[in-house]
$ cat model_4.csv   # CSV, C-alpha atoms
chain,number,residue,atom,x,y,z
A,99,MET,CA,95.7,85.0,100.2
A,100,ARG,CA,99.4,84.4,100.7
A,101,GLU,CA,99.2,81.3,98.5
A,102,LYS,CA,97.2,83.1,95.9
A,103,LEU,CA,99.8,85.8,95.6
A,104,ASP,CA,102.6,83.2,95.4
A,105,ARG,CA,100.8,81.6,92.5
A,106,LEU,CA,100.3,84.9,90.8
A,107,GLN,CA,104.0,85.7,91.2
A,108,ARG,CA,105.0,82.4,89.5
A,109,GLN,CA,102.5,83.0,86.8
A,110,LEU,CA,103.9,86.5,86.2
A,111,ASP,CA,107.5,85.2,86.1
A,112,PHE,CA,106.4,82.8,83.3
A,113,ILE,CA,104.4,85.5,81.5
A,114,LEU,CA,107.4,87.9,81.5
A,115,GLU,CA,109.6,85.0,80.2
A,116,LEU,CA,107.1,84.4,77.4
A,117,ASP,CA,108.0,87.8,76.1
A,118,LYS,CA,111.1,86.3,74.6
A,119,LEU,CA,109.1,84.3,72.0
A,120,LYS,CA,108.7,87.7,70.3
A,121,THR,CA,112.4,87.6,69.4
A,122,VAL,CA,112.5,84.1,68.0
A,123,LEU,CA,112.7,84.3,64.2
A,124,ARG,CA,111.2,81.7,61.9
A,125,GLN,CA,112.2,80.9,58.3
A,126,THR,CA,109.0,82.2,56.9
A,127,SER,CA,108.6,85.9,55.9
A,128,LEU,CA,105.6,88.2,56.3
A,129,VAL,CA,103.4,88.4,53.2
A,130,ASP,CA,104.7,91.9,52.5
A,131,GLY,CA,108.3,90.5,52.6
A,132,SER,CA,109.4,93.2,55.2
A,133,ARG,CA,110.9,90.8,57.7
A,134,GLN,CA,110.9,87.2,58.9
A,135,GLU,CA,107.9,86.4,61.1
A,136,THR,CA,108.5,85.6,64.8
A,137,SER,CA,107.2,82.6,66.7
A,138,SER,CA,104.8,84.9,68.5
A,139,ASP,CA,103.4,86.3,65.2
A,140,HIS,CA,103.0,82.7,64.0
A,141,SER,CA,101.3,81.5,67.2
A,142,TRP,CA,98.7,84.3,67.0
A,143,HIS,CA,98.1,83.7,63.4
A,144,ILE,CA,97.4,80.0,63.6
A,145,ALA,CA,95.3,80.3,66.8
A,146,THR,CA,93.1,82.8,64.9
A,147,MET,CA,93.1,80.5,61.9
A,148,ALA,CA,91.8,77.7,64.2
A,149,LEU,CA,88.6,79.7,64.9
A,150,LEU,CA,88.0,80.3,61.3
A,151,LEU,CA,88.9,76.9,59.8
A,152,LEU,CA,87.4,74.6,62.5
A,153,GLU,CA,84.7,73.4,60.2
A,154,HIS,CA,87.3,71.8,58.0
A,155,ALA,CA,88.7,69.5,60.6
A,156,ASP,CA,88.2,65.8,59.6
A,157,GLU,CA,87.5,64.7,63.2
A,158,GLU,CA,85.3,66.4,65.8
A,159,VAL,CA,87.6,68.6,67.9
A,160,ASP,CA,87.3,70.7,71.1
A,161,LEU,CA,88.3,74.2,69.9
A,162,LEU,CA,89.4,75.3,73.4
A,163,ARG,CA,92.0,72.5,73.6
A,164,VAL,CA,93.1,73.3,70.0
A,165,LEU,CA,93.6,77.0,71.0
A,166,LYS,CA,95.5,76.1,74.2
A,167,MET,CA,97.9,73.8,72.2
A,168,LEU,CA,98.5,76.4,69.5
A,169,LEU,CA,99.2,79.2,72.0
A,170,VAL,CA,101.8,77.2,73.8
A,171,HIS,CA,103.2,74.9,71.1
A,172,ASP,CA,106.2,77.1,70.3
A,173,VAL,CA,107.1,78.3,73.9
A,174,VAL,CA,110.0,75.8,74.0
A,175,GLU,CA,111.7,77.8,71.2
A,176,ILE,CA,112.5,80.5,73.8
A,177,ASP,CA,115.4,78.2,74.8
A,178,ALA,CA,115.6,75.8,71.9
A,179,GLY,CA,115.3,78.3,69.0
A,180,ASP,CA,113.3,77.7,65.9
A,181,THR,CA,114.6,74.6,64.1
A,182,PHE,CA,114.4,74.8,60.3
A,183,CYS,CA,112.5,71.7,59.4
A,184,TYR,CA,114.7,70.9,56.4
A,185,ASP,CA,117.9,71.2,58.4
A,186,THR,CA,118.4,67.4,59.0
A,187,GLN,CA,121.3,68.0,61.5
A,188,ALA,CA,119.4,70.5,63.6
A,189,VAL,CA,116.3,68.2,63.6
A,190,GLN,CA,118.4,65.4,65.2
A,191,SER,CA,119.0,67.4,68.3
A,192,GLN,CA,115.7,69.2,68.3
A,193,ARG,CA,113.8,66.8,70.6
A,194,GLN,CA,116.4,66.9,73.4
A,195,ARG,CA,116.8,70.6,73.2
A,196,GLU,CA,113.0,71.1,73.4
A,197,GLU,CA,112.5,68.7,76.2
A,198,GLU,CA,115.1,70.6,78.3
A,199,ALA,CA,113.4,73.8,77.4
A,200,ALA,CA,109.9,72.5,78.4
A,201,GLN,CA,111.3,71.4,81.7
A,202,ARG,CA,112.8,74.8,82.5
A,203,LEU,CA,110.1,77.0,81.1
A,204,PHE,CA,106.9,75.2,82.2
A,205,GLY,CA,108.7,74.6,85.5
A,206,LEU,CA,108.4,78.3,86.3
A,207,LEU,CA,104.6,77.8,86.7
A,208,PRO,CA,102.7,76.4,89.7
A,209,ASP,CA,102.8,72.6,89.5
A,210,ASP,CA,99.3,72.1,88.2
A,211,GLN,CA,99.8,74.5,85.4
A,212,ARG,CA,103.2,73.1,84.6
A,213,ASP,CA,101.7,69.7,84.3
A,214,GLU,CA,98.8,70.9,82.1
A,215,LEU,CA,101.0,72.8,79.6
A,216,GLU,CA,103.6,70.0,79.4
A,217,ALA,CA,100.9,67.5,78.6
A,218,LEU,CA,99.4,69.8,76.0
A,219,TRP,CA,102.8,70.3,74.4
A,220,GLU,CA,103.5,66.6,74.4
A,221,GLU,CA,100.1,65.8,72.9
A,222,PHE,CA,100.7,68.3,70.1
A,223,GLU,CA,104.2,67.0,69.4
A,224,GLN,CA,102.9,63.4,69.2
A,225,ARG,CA,99.8,64.3,67.3
A,226,ALA,CA,98.1,62.1,69.9
A,227,SER,CA,94.5,63.3,69.6
A,228,PRO,CA,92.1,64.8,67.1
A,229,GLU,CA,92.9,68.3,68.6
A,230,ALA,CA,96.6,67.7,68.2
A,231,ARG,CA,96.2,66.5,64.6
A,232,PHE,CA,94.1,69.6,63.6
A,233,ALA,CA,96.5,71.9,65.5
A,234,GLY,CA,99.5,70.3,63.8
A,235,ALA,CA,97.8,70.7,60.4
A,236,LEU,CA,97.3,74.4,60.9
A,237,ASP,CA,100.9,74.8,62.1
A,238,ARG,CA,102.2,73.5,58.8
A,239,PHE,CA,99.4,74.9,56.6
A,240,GLN,CA,100.2,78.4,57.6
A,241,ALA,CA,103.9,78.1,56.6
A,242,VAL,CA,102.8,76.8,53.2
A,243,LEU,CA,100.4,79.7,52.8
A,244,LEU,CA,103.1,82.2,53.6
A,245,ASN,CA,105.8,80.6,51.4
A,246,HIS,CA,103.3,80.5,48.5
A,247,ALA,CA,102.2,84.1,49.1
A,248,THR,CA,105.8,85.4,49.2
A,249,GLY,CA,106.9,83.9,45.9
A,250,GLY,CA,108.5,80.7,47.3
A,251,GLY,CA,109.9,82.3,50.5
A,252,SER,CA,112.2,79.9,52.4
A,253,TRP,CA,111.6,77.1,49.8
A,254,ARG,CA,113.4,79.2,47.2
A,255,LEU,CA,116.0,80.6,49.6
A,256,HIS,CA,117.1,77.1,50.5
A,257,GLY,CA,116.4,75.3,47.2
A,258,ILE,CA,113.8,72.9,48.7
A,259,SER,CA,112.1,70.5,46.3
A,260,VAL,CA,108.4,69.8,46.0
A,261,GLU,CA,109.0,66.3,47.2
A,262,GLN,CA,110.5,67.6,50.4
A,263,VAL,CA,107.7,70.0,51.0
A,264,THR,CA,105.1,67.3,50.2
A,265,GLU,CA,106.6,64.9,52.7
A,266,ARG,CA,107.0,67.5,55.4
A,267,ASN,CA,103.4,68.5,55.0
A,268,GLN,CA,101.7,65.1,54.9
A,269,PRO,CA,100.5,65.6,58.5
A,270,ILE,CA,98.1,68.3,57.2
A,271,GLY,CA,96.1,65.5,55.6
A,272,GLU,CA,95.9,63.8,59.1
A,273,GLY,CA,94.0,66.9,60.4
A,274,SER,CA,92.1,68.1,57.4
A,275,THR,CA,91.6,66.5,53.9
A,276,LEU,CA,90.2,69.8,52.6
A,277,LEU,CA,93.3,71.8,53.7
A,278,TRP,CA,95.6,69.1,52.3
A,279,ASN,CA,93.9,69.3,48.9
A,280,HIS,CA,94.3,73.0,48.9
A,281,VAL,CA,98.1,72.6,49.7
A,282,ARG,CA,98.5,70.3,46.8
A,283,LYS,CA,96.9,72.9,44.5
A,284,LEU,CA,99.3,75.6,45.9
A,285,LEU,CA,102.3,73.2,45.4
A,286,ASP,CA,101.3,72.5,41.8
A,287,ASP,CA,101.1,76.2,41.2
A,288,ALA,CA,104.4,76.8,42.9
A,289,VAL,CA,106.1,74.2,40.6
A,290,GLU,CA,104.5,75.7,37.6
A,291,ARG,CA,105.8,79.1,38.5
A,292,ARG,CA,109.2,77.7,39.4
A,293,LEU,CA,108.9,78.7,43.0
A,294,LEU,CA,109.7,75.1,43.9
A,295,VAL,CA,112.2,72.8,42.3
A,296,PRO,CA,110.2,69.9,40.7
B,270,MET,CA,81.6,71.0,47.5
B,271,ARG,CA,81.6,74.2,45.4
B,272,GLU,CA,80.1,76.1,48.4
B,273,LYS,CA,82.7,74.6,50.8
B,274,LEU,CA,85.5,75.8,48.5
B,275,ASP,CA,84.0,79.2,48.2
B,276,ARG,CA,83.9,79.5,52.0
B,277,LEU,CA,87.5,78.3,52.2
B,278,GLN,CA,88.6,81.0,49.7
B,279,ARG,CA,86.9,83.8,51.7
B,280,GLN,CA,88.4,82.5,54.9
B,281,LEU,CA,91.9,82.4,53.3
B,282,ASP,CA,91.5,85.9,51.9
B,283,PHE,CA,90.9,87.1,55.5
B,284,ILE,CA,93.7,84.9,56.9
B,285,LEU,CA,96.2,86.4,54.5
B,286,GLU,CA,94.9,89.9,55.3
B,287,LEU,CA,95.5,89.2,59.0
B,288,ASP,CA,99.2,88.9,58.3
B,289,LYS,CA,99.3,92.7,58.2
B,290,LEU,CA,98.6,92.9,62.0
B,291,LYS,CA,102.3,91.7,62.3
B,292,THR,CA,103.4,95.1,61.0
B,293,VAL,CA,101.3,97.3,63.4
B,294,LEU,CA,103.5,98.7,66.1
B,295,ARG,CA,102.3,99.4,69.6
B,296,GLN,CA,103.7,102.0,72.0
B,297,THR,CA,105.0,99.3,74.4
B,298,SER,CA,108.5,97.7,73.9
B,299,LEU,CA,109.6,94.1,74.4
B,300,VAL,CA,111.0,93.4,77.8
B,301,ASP,CA,114.5,93.3,76.4
B,302,GLY,CA,114.0,96.8,74.9
B,303,SER,CA,115.0,95.6,71.4
B,304,ARG,CA,112.0,96.9,69.6
B,305,GLN,CA,108.3,98.0,70.0
B,306,GLU,CA,106.0,95.1,70.2
B,307,THR,CA,103.5,94.5,67.4
B,308,SER,CA,99.7,94.0,67.8
B,309,SER,CA,100.2,90.3,66.8
B,310,ASP,CA,102.8,89.8,69.5
B,311,HIS,CA,100.5,91.5,72.0
B,312,SER,CA,97.5,89.5,70.9
B,313,TRP,CA,99.4,86.2,71.4
B,314,HIS,CA,100.7,87.3,74.7
B,315,ILE,CA,97.4,88.2,76.2
B,316,ALA,CA,95.6,85.1,74.9
B,317,THR,CA,98.3,83.0,76.5
B,318,MET,CA,97.9,85.0,79.7
B,319,ALA,CA,94.2,84.3,79.7
B,320,LEU,CA,94.9,80.6,80.0
B,321,LEU,CA,97.2,81.2,83.0
B,322,LEU,CA,95.3,83.9,84.9
B,323,LEU,CA,91.7,82.6,84.4
B,324,GLU,CA,91.5,81.7,88.1
B,325,HIS,CA,91.9,85.4,89.0
B,326,ALA,CA,88.8,86.6,87.1
B,327,ASP,CA,86.2,88.1,89.5
B,328,GLU,CA,83.2,86.6,87.6
B,329,GLU,CA,82.8,83.2,86.1
B,330,VAL,CA,84.0,83.3,82.5
B,331,ASP,CA,83.9,81.0,79.5
B,332,LEU,CA,87.6,80.8,78.6
B,333,LEU,CA,86.9,79.9,74.9
B,334,ARG,CA,85.0,83.1,74.4
B,335,VAL,CA,87.7,85.1,76.2
B,336,LEU,CA,90.3,83.6,73.8
B,337,LYS,CA,88.2,84.3,70.7
B,338,MET,CA,87.8,88.0,71.8
B,339,LEU,CA,91.5,88.4,72.6
B,340,LEU,CA,92.6,86.9,69.3
B,341,VAL,CA,90.5,89.2,67.2
B,342,HIS,CA,90.3,92.3,69.4
B,343,ASP,CA,93.0,94.2,67.5
B,344,VAL,CA,92.3,93.1,64.0
B,345,VAL,CA,90.7,96.5,63.2
B,346,GLU,CA,94.1,98.0,63.7
B,347,ILE,CA,95.2,96.6,60.3
B,348,ASP,CA,93.3,99.6,58.8
B,349,ALA,CA,92.9,101.9,61.8
B,350,GLY,CA,96.4,101.6,63.2
B,351,ASP,CA,97.2,101.4,66.9
B,352,THR,CA,95.8,104.4,68.7
B,353,PHE,CA,98.0,105.6,71.6
B,354,CYS,CA,95.6,105.7,74.5
B,355,TYR,CA,97.0,109.0,75.9
B,356,ASP,CA,96.7,110.8,72.6
B,357,THR,CA,93.4,112.6,73.2
B,358,GLN,CA,93.1,113.8,69.6
B,359,ALA,CA,93.6,110.3,68.1
B,360,VAL,CA,91.2,108.8,70.6
B,361,GLN,CA,88.4,111.1,69.4
B,362,SER,CA,88.5,109.6,65.9
B,363,GLN,CA,89.3,106.1,67.0
B,364,ARG,CA,85.8,104.7,67.2
B,365,GLN,CA,84.9,105.8,63.6
B,366,ARG,CA,88.1,104.6,62.1
B,367,GLU,CA,87.8,101.2,63.8
B,368,GLU,CA,84.1,100.7,62.8
B,369,GLU,CA,85.1,101.3,59.2
B,370,ALA,CA,87.9,98.8,59.6
B,371,ALA,CA,85.7,96.2,61.2
B,372,GLN,CA,83.2,96.5,58.3
B,373,ARG,CA,85.9,96.0,55.6
B,374,LEU,CA,88.0,93.4,57.4
B,375,PHE,CA,85.3,91.1,58.9
B,376,GLY,CA,83.4,91.6,55.6
B,377,LEU,CA,85.9,89.5,53.8
B,378,LEU,CA,84.6,86.5,55.7
B,379,PRO,CA,81.5,84.3,55.0
B,380,ASP,CA,78.5,86.1,56.5
B,381,ASP,CA,78.1,83.9,59.6
B,382,GLN,CA,81.7,84.3,60.6
B,383,ARG,CA,81.6,88.1,59.8
B,384,ASP,CA,78.7,88.4,62.2
B,385,GLU,CA,80.3,86.3,64.9
B,386,LEU,CA,83.6,88.3,64.9
B,387,GLU,CA,81.9,91.6,64.7
B,388,ALA,CA,79.8,90.8,67.6
B,389,LEU,CA,82.8,89.5,69.6
B,390,TRP,CA,84.7,92.7,68.9
B,391,GLU,CA,81.8,94.9,69.8
B,392,GLU,CA,81.2,93.0,73.1
B,393,PHE,CA,84.9,93.4,73.9
B,394,GLU,CA,84.8,97.1,73.1
B,395,GLN,CA,81.7,97.7,75.3
B,396,ARG,CA,82.9,95.5,78.1
B,397,ALA,CA,79.4,94.0,77.8
B,398,SER,CA,79.9,90.6,79.5
B,399,PRO,CA,82.1,88.9,82.1
B,400,GLU,CA,84.3,87.6,79.3
B,401,ALA,CA,84.7,91.0,77.8
B,402,ARG,CA,85.6,92.5,81.2
B,403,PHE,CA,88.2,89.9,81.9
B,404,ALA,CA,89.6,90.1,78.4
B,405,GLY,CA,89.7,93.9,78.7
B,406,ALA,CA,91.5,93.6,82.0
B,407,LEU,CA,94.2,91.4,80.5
B,408,ASP,CA,94.6,93.8,77.5
B,409,ARG,CA,95.5,96.7,79.8
B,410,PHE,CA,97.3,94.6,82.4
B,411,GLN,CA,99.9,93.4,79.9
B,412,ALA,CA,100.8,96.9,78.9
B,413,VAL,CA,101.3,97.9,82.5
B,414,LEU,CA,103.5,94.8,83.0
B,415,LEU,CA,105.7,95.7,80.0
B,416,ASN,CA,106.0,99.4,80.8
B,417,HIS,CA,107.0,98.5,84.4
B,418,ALA,CA,109.4,95.8,83.2
B,419,THR,CA,111.1,98.2,80.7
B,420,GLY,CA,111.9,100.9,83.2
B,421,GLY,CA,108.8,103.0,82.5
B,422,GLY,CA,108.6,102.4,78.7
B,423,SER,CA,106.1,104.5,76.9
B,424,TRP,CA,105.0,106.2,80.2
B,425,ARG,CA,108.5,107.8,80.5
B,426,LEU,CA,108.8,108.5,76.8
B,427,HIS,CA,105.7,110.5,76.8
B,428,GLY,CA,105.8,111.9,80.3
B,429,ILE,CA,102.6,110.2,81.4
B,430,SER,CA,101.5,110.8,85.0
B,431,VAL,CA,100.5,108.2,87.6
B,432,GLU,CA,97.0,109.7,87.6
B,433,GLN,CA,96.7,109.2,83.9
B,434,VAL,CA,97.9,105.6,84.1
B,435,THR,CA,95.6,104.9,87.1
B,436,GLU,CA,92.5,106.3,85.3
B,437,ARG,CA,93.3,104.5,82.0
B,438,ASN,CA,93.7,101.2,83.8
B,439,GLN,CA,90.6,101.3,86.1
B,440,PRO,CA,88.9,98.7,83.9
B,441,ILE,CA,91.4,96.1,85.1
B,442,GLY,CA,89.5,96.3,88.4
B,443,GLU,CA,86.2,95.5,86.6
B,444,GLY,CA,87.7,92.1,85.5
B,445,SER,CA,90.0,91.1,88.3
B,446,THR,CA,90.4,92.7,91.7
B,447,LEU,CA,93.6,90.7,92.3
B,448,LEU,CA,95.3,91.9,89.1
B,449,TRP,CA,94.2,95.5,89.9
B,450,ASN,CA,95.8,95.3,93.3
B,451,HIS,CA,98.9,94.1,91.6
B,452,VAL,CA,98.8,97.0,89.2
B,453,ARG,CA,98.6,99.4,92.1
B,454,LYS,CA,101.7,97.9,93.6
B,455,LEU,CA,103.6,98.2,90.3
B,456,LEU,CA,102.5,101.9,90.0
B,457,ASP,CA,103.6,102.7,93.6
B,458,ASP,CA,107.0,101.1,92.7
B,459,ALA,CA,107.2,103.1,89.5
B,460,VAL,CA,106.5,106.4,91.2
B,461,GLU,CA,109.1,105.5,93.9
B,462,ARG,CA,111.7,104.8,91.2
B,463,ARG,CA,110.6,107.9,89.2
B,464,LEU,CA,109.5,105.9,86.2
B,465,LEU,CA,106.2,107.7,86.5
B,466,VAL,CA,105.6,111.4,87.2
B,467,PRO,CA,103.7,111.6,90.6
$ encode --input "model_4.csv" --output "structure tokens"
Amino acid sequence: MREKLDRLQRQLDFILELDKLKTVLRQTSLVDGSRQETSSDHSWHIATMALLLLEHADEEVDLLRVLKMLLVHDVVEIDAGDTFCYDTQAVQSQRQREEEAAQRLFGLLPDDQRDELEALWEEFEQRASPEARFAGALDRFQAVLLNHATGGGSWRLHGISVEQVTERNQPIGEGSTLLWNHVRKLLDDAVERRLLVP
Amino acid sequence: MREKLDRLQRQLDFILELDKLKTVLRQTSLVDGSRQETSSDHSWHIATMALLLLEHADEEVDLLRVLKMLLVHDVVEIDAGDTFCYDTQAVQSQRQREEEAAQRLFGLLPDDQRDELEALWEEFEQRASPEARFAGALDRFQAVLLNHATGGGSWRLHGISVEQVTERNQPIGEGSTLLWNHVRKLLDDAVERRLLVP
């Protein structure tokens, strides 16, 4: 019983620490434009999208593992912040900042859970499995959907070109050909409406 | 292919509609007190808690079904709003408002997915399975954690008594005896520190 309560305490320490992800702001805005979305908003949104879009994964995937990955993939941002993917300087230091964050944050948990979450995060980062490729596709697909739905959103704000967006989002095609084809249609539309620099 | 694209379009209509859950405010505040949490924050938090606290469920549960339930359990609030559980008048009309919301929102999806999500939501609401009882326990447990961590939070704000909180949270004990025992410790502490009216 003592051991069980110790485990619970470590789990709760981590769970209270997780609360901070609700204060990490992303570059994308809500569809209604009222504010930037947080990494917690985003994590919920893409996990729910995984349930709904599973049938469009190119490879057979284990949905439970996809969900686990999506729920924890941004936890490192509690320490490392959200890195804007088109900020080349920030991207250079991203990996080191996030590794240190993973060590501290997952280290709050009992060892077995620390190991499981670290491995899931690493698998996601490396796109090292069908689950990681599908999860990674959803992560990027959601940002495209929101930027398109908000009249260009962070693309317009930062003068990002369609070539940059296309290159950044290539990994969507590694997870789902159908979603990637949809992205290309959205990007064509965005160029036509001058939401994206051609 | 035509049919596949039609399905995708319905799924995306629902996914963009889901974005609105990020604007639904709950009574609980973030641990740092900076703002109220949203229903999307909350849904992400409890889904991630489910991964971590699974071992404390009293009955054997299928984690995938628990996660599905937690991810969609608050979607009806997009139309019906968050109902404060101690507001007896609002609680009276809650069921009808939420049923109408479920019909409209899940109705955006292809029929098979509409049926699956409606059934999951109903199962959660009725606490009709081990998964629903564990999911329901986490839903309430998280609010207790946050209210305790924020010096009484919405309990203090609305002058809620320890009897009201105890009664409201009884269902935690239906999902996990260990978590319920922890809640009782937190409530004793809250009374001692006068965060809750005895």
$ residues_near_point --input "model_4.csv" --point "(100.2, 88.3, 66.6)" --cutoff "12 Å" --atoms "all atoms listed in the file" --output "compact mmCIF listing (two decimals) with C-alpha atoms, in the coordinates of the input"
# COMPACT_ATOMS: atom_id res chain seq x y z
CA LEU A 119 109.10 84.30 72.00
CA LYS A 120 108.70 87.70 70.30
CA LEU A 128 105.60 88.20 56.30
CA GLU A 135 107.90 86.40 61.10
CA THR A 136 108.50 85.60 64.80
CA SER A 137 107.20 82.60 66.70
CA SER A 138 104.80 84.90 68.50
CA ASP A 139 103.40 86.30 65.20
CA HIS A 140 103.00 82.70 64.00
CA SER A 141 101.30 81.50 67.20
CA TRP A 142 98.70 84.30 67.00
CA HIS A 143 98.10 83.70 63.40
CA ILE A 144 97.40 80.00 63.60
CA ALA A 145 95.30 80.30 66.80
CA THR A 146 93.10 82.80 64.90
CA MET A 147 93.10 80.50 61.90
CA LEU A 169 99.20 79.20 72.00
CA LEU B 287 95.50 89.20 59.00
CA ASP B 288 99.20 88.90 58.30
CA LYS B 289 99.30 92.70 58.20
CA LEU B 290 98.60 92.90 62.00
CA LYS B 291 102.30 91.70 62.30
CA THR B 292 103.40 95.10 61.00
CA VAL B 293 101.30 97.30 63.40
CA LEU B 294 103.50 98.70 66.10
CA ARG B 295 102.30 99.40 69.60
CA GLU B 306 106.00 95.10 70.20
CA THR B 307 103.50 94.50 67.40
CA SER B 308 99.70 94.00 67.80
CA SER B 309 100.20 90.30 66.80
CA ASP B 310 102.80 89.80 69.50
CA HIS B 311 100.50 91.50 72.00
CA SER B 312 97.50 89.50 70.90
CA TRP B 313 99.40 86.20 71.40
CA HIS B 314 100.70 87.30 74.70
CA ILE B 315 97.40 88.20 76.20
CA ALA B 316 95.60 85.10 74.90
CA THR B 317 98.30 83.00 76.50
CA LEU B 339 91.50 88.40 72.60
CA LEU B 340 92.60 86.90 69.30
CA VAL B 341 90.50 89.20 67.20
CA HIS B 342 90.30 92.30 69.40
CA ASP B 343 93.00 94.20 67.50
CA VAL B 344 92.30 93.10 64.00
CA GLU B 346 94.10 98.00 63.70
CA ILE B 347 95.20 96.60 60.30
$ atom_distance --input "model_4.csv" --atom1 "CA of Val466 (chain B)" --atom2 "CA of Thr419 (chain B)"
15.7 Å
$ residues_around --input "model_4.csv" --residues "region 269-274 of chain A" --least-positions-apart "3" --cutoff "9 Å" --atoms "all atoms listed in the file" --output "compact mmCIF listing (two decimals) with C-alpha atoms, in the frame of the given file"
# COMPACT_ATOMS: atom_id res chain seq x y z
CA HIS A 154 87.30 71.80 58.00
CA ALA A 155 88.70 69.50 60.60
CA ASP A 156 88.20 65.80 59.60
CA GLU A 157 87.50 64.70 63.20
CA ARG A 225 99.80 64.30 67.30
CA PRO A 228 92.10 64.80 67.10
CA GLU A 229 92.90 68.30 68.60
CA ALA A 230 96.60 67.70 68.20
CA ARG A 231 96.20 66.50 64.60
CA PHE A 232 94.10 69.60 63.60
CA ALA A 233 96.50 71.90 65.50
CA GLY A 234 99.50 70.30 63.80
CA ALA A 235 97.80 70.70 60.40
CA LEU A 236 97.30 74.40 60.90
CA ASP A 237 100.90 74.80 62.10
CA ARG A 238 102.20 73.50 58.80
CA PHE A 239 99.40 74.90 56.60
CA GLU A 265 106.60 64.90 52.70
CA ARG A 266 107.00 67.50 55.40
CA LEU A 277 93.30 71.80 53.70
CA TRP A 278 95.60 69.10 52.30
CA ASN A 279 93.90 69.30 48.90
CA VAL A 281 98.10 72.60 49.70
$ closest_residue --input "model_4.csv" --among "B:Ala388, B:Ala397, B:Val413, B:Leu447" --to "chain A" --atoms "only C-alpha atoms"
B:Leu447
$ residues_near_point --input "model_4.csv" --point "(108.2, 83.1, 83.6)" --cutoff "9 Å" --atoms "all atoms listed in the file" --output "list in words"
Arg108, Gln109, Leu110, Asp111, Phe112, Ile113, Leu114, Glu115, Leu116, Asp117, Leu203, Phe204, Gly205, Leu206 and Leu207 of chain A
$ closest_residue --input "model_4.csv" --among "B:Arg364, B:Arg373, B:Arg463, B:His451" --to "chain A" --atoms "only C-alpha atoms"
B:His451
$ closest_residue --input "model_4.csv" --among "A:Gln125, A:Gln268, A:Asn245, A:Ser132" --to "chain B" --atoms "all atoms listed in the file"
A:Ser132
$ residues_around --input "model_4.csv" --residues "Glu290 (chain A)" --least-positions-apart "6" --cutoff "12 Å" --atoms "all atoms listed in the file" --output "list in words"
His246, Gly249, Gly250, Val260, Lys283, Leu284 and Pro296 of chain A
$ atom_distance --input "model_4.csv" --atom1 "CA of Gln382 (chain B)" --atom2 "CA of Glu329 (chain B)"
25.5 Å
$ atom_distance --input "model_4.csv" --atom1 "CA of Glu216 (chain A)" --atom2 "CA of Gln134 (chain A)"
27.7 Å
$ residues_around --input "model_4.csv" --residues "Arg366 (chain B)" --least-positions-apart "3" --cutoff "12 Å" --atoms "all atoms listed in the file" --output "short mmCIF file (atom, residue, chain, number, x, y, z; two decimals) with C-alpha atoms, in the frame of the given file"
data_model
loop_
_atom_site.label_atom_id
_atom_site.label_comp_id
_atom_site.auth_asym_id
_atom_site.auth_seq_id
_atom_site.Cartn_x
_atom_site.Cartn_y
_atom_site.Cartn_z
CA VAL B 345 90.70 96.50 63.20
CA GLU B 346 94.10 98.00 63.70
CA ILE B 347 95.20 96.60 60.30
CA ASP B 348 93.30 99.60 58.80
CA ALA B 349 92.90 101.90 61.80
CA GLY B 350 96.40 101.60 63.20
CA ASP B 351 97.20 101.40 66.90
CA THR B 352 95.80 104.40 68.70
CA ALA B 359 93.60 110.30 68.10
CA VAL B 360 91.20 108.80 70.60
CA GLN B 361 88.40 111.10 69.40
CA SER B 362 88.50 109.60 65.90
CA GLN B 363 89.30 106.10 67.00
CA GLU B 369 85.10 101.30 59.20
CA ALA B 370 87.90 98.80 59.60
CA ALA B 371 85.70 96.20 61.20
CA GLN B 372 83.20 96.50 58.30
CA ARG B 373 85.90 96.00 55.60
#
$ closest_residue --input "model_4.csv" --among "A:Leu151, A:Ile258, A:Arg291, A:Asp130" --to "Leu274 (chain B)" --atoms "only C-alpha atoms"
A:Leu151
$ residues_around --input "model_4.csv" --residues "Met167 (chain A)" --least-positions-apart "3" --cutoff "7 Å" --atoms "only C-alpha atoms" --output "list in words"
Arg163, Val164, Val170, His171, Leu218, Trp219 and Phe222 of chain A
$ closest_residue --input "model_4.csv" --among "B:Ala319, B:Leu333, B:Met270, B:Leu465" --to "chain A" --atoms "all atoms listed in the file"
B:Leu333
$ decode --input "model_4.csv" --residues "region 296-309 of chain B" --atoms "C-alpha atoms" --output "PDB file, in the first residue's frame"
ATOM      1  CA  GLN B 296     -15.600  26.943 -13.371  1.00  0.00           C
ATOM      2  CA  THR B 297     -12.150  25.618 -12.456  1.00  0.00           C
ATOM      3  CA  SER B 298      -9.020  27.735 -12.869  1.00  0.00           C
ATOM      4  CA  LEU B 299      -5.570  26.761 -14.042  1.00  0.00           C
ATOM      5  CA  VAL B 300      -3.188  25.891 -11.215  1.00  0.00           C
ATOM      6  CA  ASP B 301      -1.355  29.209 -11.717  1.00  0.00           C
ATOM      7  CA  GLY B 302      -4.663  31.078 -11.360  1.00  0.00           C
ATOM      8  CA  SER B 303      -4.117  32.947 -14.648  1.00  0.00           C
ATOM      9  CA  ARG B 304      -7.504  32.073 -16.142  1.00  0.00           C
ATOM     10  CA  GLN B 305     -10.390  29.591 -16.106  1.00  0.00           C
ATOM     11  CA  GLU B 306      -9.659  26.389 -17.922  1.00  0.00           C
ATOM     12  CA  THR B 307     -11.525  25.543 -21.107  1.00  0.00           C
ATOM     13  CA  SER B 308     -13.342  22.298 -21.821  1.00  0.00           C
ATOM     14  CA  SER B 309     -10.637  21.443 -24.370  1.00  0.00           C
TER      15      SER B 309
END
